[in-house]
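Enquirer: Pasting a structure here, questions to come.
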Amino acid sequence: MKSIAILTSGGDSPGMNTAIRAAAKYAFSKGVKVFGIRRGYTGMLNDDIFEIEPKDVSGIIDRGGTMLLTARCMEFHEAKHRQIAADNLRKREIEGVVVIGGDGSYRGAKNLSDEHPDIKIVGIPGTIDNDIAGTDNTIGFDTALNTVLEAIAKIRDTATSHERTYFLEVMGRGSGELALYSCLAGGGDGLFIPEKGFAMNDLADVINTRRKKGKLSDLVIISEGTGSATEIAERLKNKINSSVRVTILGHVQRGGSPSAMDRILATKLGAFAIEELINGKDGIMVGIESNKLTTYPLSYSWENKKVIDDKDYELAITLAK
Ligand code: F6P
């Protein structure tokens with residue numbers, strides 16, 4: 001393989017730059033030319049493709065966001081646009097593409113790889129949501145988790161001073177992973193995740209009872225996929241014997257320098273993706289499960305839903321009470 005291209009697509013996540021760096025440097029070490037595609041599939045379609053040189057990936061290992069920019073490209077749903085995109089790759093003799101993003105990005109990749117077998121595609125899971133089957137963690141999840149933990153510590157300071165109950169809404173789209181592990185690691189006093197719905201329907205009673213026993217504050221974690229924290233707080237506030245506040249963490253969870261765990265994950269997956277492309281693999285995603293590098297067909301990511309670990313959920317609920 002003489003030339004490959006890298007793109008990032010969908011929501012950015014901390015560690016995408018680390019993966020770009022690792023993929024590019026690993027490719028250079030194998031004598032492969034590297035191109036960057038700006039704004040995901042939009043750049044592939046609009047021919048916004050440039051050659052990446054070693055200096056371009058120097059000093060980005062710890063930078064949040066993505067140097068390649070990212071976008072969600074609707075036109076890529078149509079085969080005629082994918083044809084134009086494929087031709088833009090061909091004219092630069094690009095034979096392989098590394099797609100860093102979530103399962104939405106993999107669908108476009110799968111179509112491109114099916115229709116244009118001369119262009120090989122390998123996906124790298126990058127999203128803070130940790131909602132991709134076939135890998136224990138996605139790039140960015142650990143950093144986002146640490147961001148939530150920092151926020152929890154700060155909110156708890158003020159919540160305790162005012163003896164309040166806080167409802168904290170965290171991201172995750174349809175997945176409760178970020179909320180669940182924020183609750184476990186941050187000592188949440190309540191948890192609502194989409195996979196389990198409103199399982200803690202006795203929350204107000206639990207809060208009131210422990211307040212009587214001297215607890216000064218409560219922090220309930222709500223995954224955005226369960227519903228709006230504002231609405232949930234509104235529904236419960238008359239039943240809770242303390243003042244109630246809501247914090248929606250929002251896009252702060254997507255930024256920041258990637259954590260050590262995300263940098264290691266991104267570095268391993270970036271290099272592995274190139275190795276797989278050089279070995280002629282196509283239409284696959286790479287991941288790490290139980291500390292082992294894995295590959296699955298791209299379709300695995302949408303045909304299989306990542307399941308919440310029931311034991312971890314039960315533990316979070318037990319300790320939240
Ligand atoms: O998929 C990552 C994510 O941050 C989700 O957690 C969130 O629901 C969504 O993207 C937000 O998307 P946008 O940046 O388009 O508002």
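Convention: chains lettered A, B, ... in structure tokens order; per-chain residue numbering from 1; ligands numbered from 1 as shown.
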Counting only C-alpha atoms and all ligand atoms, name the residues that have an atom within 8 Å of an atom of ligand 1; the answer should be given as a PyMOL selection string.
Expert: chain A and resi 10-13+102+127-129+170-174+224-225+250-251+253-254
Enquirer: DSSP says strand (DSSP E) for which residues of stretch 51-193 of chain A? Put them as a list in words?
Expert: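 Filtering stretch 51-193 of chain A to strand (DSSP E) leaves Glu51, Gly96, Val97, Val98, Val99, Ile100, Gly101, Lys120, Ile121, Val122, Gly123, Ile124, Pro125, Thr165, Tyr166, Phe167, Leu168, Glu169, Val170, Gly190, Leu191 and Phe192 of chain A.
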Enquirer: Using only C-alpha atoms, which residues sit within 8 Å of A:Ile240 once same-chain residues fewer than 5 positions away are excluded, as an MDAnalysis selection string?
Expert: chainID A and resid 204:205 207:208
Enquirer: Take the residues from that selection and put them in a file with N, CA, C and O atoms, as a short mmCIF file (atom, residue, chain, number, x, y, z; two decimals), in the first residue's frame.
Expert:
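Contents of part.cif, as written:
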```cif
data_model
loop_
_atom_site.label_atom_id
_atom_site.label_comp_id
_atom_site.auth_asym_id
_atom_site.auth_seq_id
_atom_site.Cartn_x
_atom_site.Cartn_y
_atom_site.Cartn_z
N ALA A 204 -36.87 10.14 45.71
CA ALA A 204 -37.19 11.22 46.65
C ALA A 204 -37.20 10.69 48.09
O ALA A 204 -36.65 11.34 48.99
N ASP A 205 -37.80 9.52 48.30
CA ASP A 205 -37.83 8.93 49.65
C ASP A 205 -36.42 8.65 50.15
O ASP A 205 -36.09 8.90 51.31
N ILE A 207 -33.66 10.10 49.29
CA ILE A 207 -32.97 11.37 49.61
C ILE A 207 -33.47 11.90 50.95
O ILE A 207 -32.68 12.27 51.84
N ASN A 208 -34.80 11.92 51.14
CA ASN A 208 -35.36 12.49 52.38
C ASN A 208 -34.92 11.70 53.61
O ASN A 208 -34.59 12.27 54.64
#
```
Enquirer: Applying 9 Å and only C-alpha atoms, which residues near stretch 269-284 of chain A remain after dropping the ones on its own chain fewer than 6 positions away? List them as a ChimeraX atom specification.
Expert: /A:1,4,18-27,30,95-98,106,109-110,113-114,117,119-125,293,295-300
Enquirer: For those residues, write N, CA and C atoms to a file as an mmCIF file, in the first residue's frame.
Expert:
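File written: out.cif
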```cif
data_model
loop_
_atom_site.group_PDB
_atom_site.id
_atom_site.type_symbol
_atom_site.label_atom_id
_atom_site.label_comp_id
_atom_site.auth_asym_id
_atom_site.auth_seq_id
_atom_site.Cartn_x
_atom_site.Cartn_y
_atom_site.Cartn_z
ATOM 1 N N MET A 1 0.844 -1.203 0.000
ATOM 2 C CA MET A 1 0.000 0.000 0.000
ATOM 3 C C MET A 1 0.882 1.257 0.000
ATOM 4 N N ILE A 4 -2.239 6.220 2.125
ATOM 5 C CA ILE A 4 -3.486 6.083 2.894
ATOM 6 C C ILE A 4 -3.968 7.496 3.266
ATOM 7 N N THR A 18 -4.404 12.109 18.930
ATOM 8 C CA THR A 18 -3.405 11.089 19.292
ATOM 9 C C THR A 18 -3.454 9.935 18.296
ATOM 10 N N ALA A 19 -4.674 9.549 17.912
ATOM 11 C CA ALA A 19 -4.831 8.440 16.955
ATOM 12 C C ALA A 19 -4.313 8.847 15.571
ATOM 13 N N ILE A 20 -4.575 10.097 15.181
ATOM 14 C CA ILE A 20 -4.077 10.585 13.874
ATOM 15 C C ILE A 20 -2.546 10.516 13.858
ATOM 16 N N ARG A 21 -1.958 11.004 14.951
ATOM 17 C CA ARG A 21 -0.483 11.007 15.049
ATOM 18 C C ARG A 21 0.085 9.588 14.946
ATOM 19 N N ALA A 22 -0.524 8.670 15.715
ATOM 20 C CA ALA A 22 0.003 7.300 15.734
ATOM 21 C C ALA A 22 -0.147 6.653 14.358
ATOM 22 N N ALA A 23 -1.316 6.829 13.754
ATOM 23 C CA ALA A 23 -1.552 6.227 12.431
ATOM 24 C C ALA A 23 -0.555 6.800 11.425
ATOM 25 N N ALA A 24 -0.395 8.127 11.432
ATOM 26 C CA ALA A 24 0.504 8.762 10.459
ATOM 27 C C ALA A 24 1.949 8.306 10.693
ATOM 28 N N LYS A 25 2.397 8.350 11.943
ATOM 29 C CA LYS A 25 3.796 8.000 12.211
ATOM 30 C C LYS A 25 4.074 6.522 11.893
ATOM 31 N N TYR A 26 3.080 5.672 12.201
ATOM 32 C CA TYR A 26 3.263 4.243 11.917
ATOM 33 C C TYR A 26 3.331 4.027 10.400
ATOM 34 N N ALA A 27 2.464 4.742 9.682
ATOM 35 C CA ALA A 27 2.476 4.629 8.211
ATOM 36 C C ALA A 27 3.820 5.116 7.659
ATOM 37 N N LYS A 30 6.487 2.678 7.741
ATOM 38 C CA LYS A 30 6.374 1.581 6.763
ATOM 39 C C LYS A 30 6.536 2.097 5.326
ATOM 40 N N GLU A 95 -5.145 4.220 -1.380
ATOM 41 C CA GLU A 95 -5.723 2.866 -1.435
ATOM 42 C C GLU A 95 -6.384 2.453 -0.123
ATOM 43 N N GLY A 96 -6.122 3.213 0.909
ATOM 44 C CA GLY A 96 -6.692 2.846 2.210
ATOM 45 C C GLY A 96 -7.122 4.084 2.973
ATOM 46 N N VAL A 97 -8.221 3.962 3.737
ATOM 47 C CA VAL A 97 -8.702 5.104 4.538
ATOM 48 C C VAL A 97 -8.935 4.656 5.972
ATOM 49 N N VAL A 98 -8.445 5.464 6.902
ATOM 50 C CA VAL A 98 -8.701 5.254 8.325
ATOM 51 C C VAL A 98 -9.793 6.238 8.732
ATOM 52 N N TYR A 106 -19.149 4.773 10.578
ATOM 53 C CA TYR A 106 -18.842 3.458 10.008
ATOM 54 C C TYR A 106 -19.826 3.068 8.905
ATOM 55 N N ALA A 109 -18.603 4.479 5.818
ATOM 56 C CA ALA A 109 -17.380 3.757 5.454
ATOM 57 C C ALA A 109 -17.724 2.421 4.806
ATOM 58 N N LYS A 110 -18.721 1.746 5.368
ATOM 59 C CA LYS A 110 -19.113 0.418 4.849
ATOM 60 C C LYS A 110 -19.649 0.547 3.413
ATOM 61 N N SER A 113 -16.777 1.186 1.103
ATOM 62 C CA SER A 113 -15.933 0.005 0.898
ATOM 63 C C SER A 113 -16.640 -1.046 0.041
ATOM 64 N N ASP A 114 -17.978 -1.190 0.208
ATOM 65 C CA ASP A 114 -18.727 -2.151 -0.624
ATOM 66 C C ASP A 114 -18.745 -1.730 -2.095
ATOM 67 N N PRO A 117 -14.309 -1.480 -4.030
ATOM 68 C CA PRO A 117 -13.418 -2.468 -3.391
ATOM 69 C C PRO A 117 -11.938 -2.138 -3.513
ATOM 70 N N ILE A 119 -10.705 0.567 -2.656
ATOM 71 C CA ILE A 119 -10.369 1.446 -1.520
ATOM 72 C C ILE A 119 -10.684 0.702 -0.220
ATOM 73 N N LYS A 120 -9.653 0.434 0.535
ATOM 74 C CA LYS A 120 -9.821 -0.345 1.783
ATOM 75 C C LYS A 120 -10.096 0.608 2.945
ATOM 76 N N ILE A 121 -10.978 0.170 3.857
ATOM 77 C CA ILE A 121 -11.353 1.051 4.974
ATOM 78 C C ILE A 121 -11.182 0.335 6.308
ATOM 79 N N VAL A 122 -10.592 1.029 7.254
ATOM 80 C CA VAL A 122 -10.532 0.536 8.639
ATOM 81 C C VAL A 122 -11.054 1.638 9.572
ATOM 82 N N GLY A 123 -11.981 1.265 10.445
ATOM 83 C CA GLY A 123 -12.559 2.226 11.390
ATOM 84 C C GLY A 123 -11.878 2.151 12.747
ATOM 85 N N ILE A 124 -11.721 3.307 13.373
ATOM 86 C CA ILE A 124 -11.202 3.387 14.753
ATOM 87 C C ILE A 124 -12.300 4.025 15.603
ATOM 88 N N PRO A 125 -12.691 3.385 16.724
ATOM 89 C CA PRO A 125 -13.797 3.922 17.513
ATOM 90 C C PRO A 125 -13.411 5.171 18.321
ATOM 91 N N LEU A 293 -5.991 -6.648 21.120
ATOM 92 C CA LEU A 293 -6.436 -5.953 19.908
ATOM 93 C C LEU A 293 -7.416 -6.853 19.163
ATOM 94 N N THR A 295 -10.529 -7.171 15.819
ATOM 95 C CA THR A 295 -11.150 -6.587 14.625
ATOM 96 C C THR A 295 -12.527 -7.205 14.446
ATOM 97 N N TYR A 296 -13.441 -6.413 13.935
ATOM 98 C CA TYR A 296 -14.795 -6.870 13.596
ATOM 99 C C TYR A 296 -15.188 -6.205 12.288
ATOM 100 N N PRO A 297 -16.130 -6.823 11.546
ATOM 101 C CA PRO A 297 -16.647 -6.109 10.372
ATOM 102 C C PRO A 297 -17.303 -4.811 10.841
ATOM 103 N N LEU A 298 -17.263 -3.791 10.011
ATOM 104 C CA LEU A 298 -17.857 -2.500 10.400
ATOM 105 C C LEU A 298 -19.304 -2.670 10.853
ATOM 106 N N SER A 299 -20.032 -3.563 10.174
ATOM 107 C CA SER A 299 -21.461 -3.740 10.473
ATOM 108 C C SER A 299 -21.697 -4.273 11.891
ATOM 109 N N TYR A 300 -20.667 -4.884 12.468
ATOM 110 C CA TYR A 300 -20.797 -5.407 13.840
ATOM 111 C C TYR A 300 -21.226 -4.293 14.790
#
```
Enquirer: Using only C-alpha atoms, which of the listed residues (A:Arg72, A:Arg90, A:His81, A:Arg63) sits closest to A:Gly256?
Expert: A:Arg63
Enquirer: Between A:Glu314, A:Asp136, A:Asp131, A:Glu169, single out the one closest to A:Met200, counting only C-alpha atoms.
Expert: A:Glu314
Enquirer: If you run DSSP on the backbone here, which positions in stretch 33-252 of chain A get alpha helix (DSSP H)? Please write them as a ChimeraX atom specification.
Expert: /A:41-45,79-90,103-115,141-162,177-186,203-212,229-236
Enquirer: For A:Val220, which of A:Leu112, A:Leu184, A:Ile232, A:Leu191 is the closest residue, counting only C-alpha atoms?
Expert: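 For A:Val220, the nearest of the given residues is A:Leu191.
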Enquirer: So that each row is one residue of stretch 84-145 of chain A with an atom at most 7 Å from stretch 34-58 of chain A, can you give its shortest atom pair and the distance in Å to one decimal, using only C-alpha atoms, rows by chain and rising number, as a tab-separated table?
Expert:
```
residue	atom	partner	partner_atom	distance
A:Ile84	CA	A:Leu45	CA	6.1
A:Ala85	CA	A:Leu45	CA	4.3
A:Asn88	CA	A:Asp47	CA	5.9
```
Enquirer: Would you mind telling me which residue in A:Cys73, A:Ala79, A:Ala229, A:Ile221 lies nearest to A:Val246 when using only C-alpha atoms?
Expert: A:Ala229
Enquirer: Quote the spacing between atom CA of A:Ala86 and atom CA of A:Val99 in Å to one decimal place.
Expert: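 A separation of 14.0 Å between them.
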Enquirer: What does the distance between atom CA of A:Lys268 and atom CA of A:Gly140 come to in Å, to one decimal place?
Expert: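 So the answer is 13.9 Å.
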Enquirer: Atom CA of A:Asp157 to atom CA of A:Ser228: how many Å, to one decimal?
Expert: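 It comes out at 23.5 Å.
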Enquirer: Select, from A:Ile132, A:Lys239, A:Asn111, A:His116, the residue with the minimum atom-to-atom distance to A:Leu89, counting only C-alpha atoms.
Expert: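 Of all the options, A:His116 lies closest to A:Leu89.
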Enquirer: Neighbours of A:Thr209 within 12 Å (only C-alpha atoms; same-chain residues fewer than 6 positions away dropped), as a ChimeraX atom specification?
Expert: /A:202-203,215-216,218,239-242,321
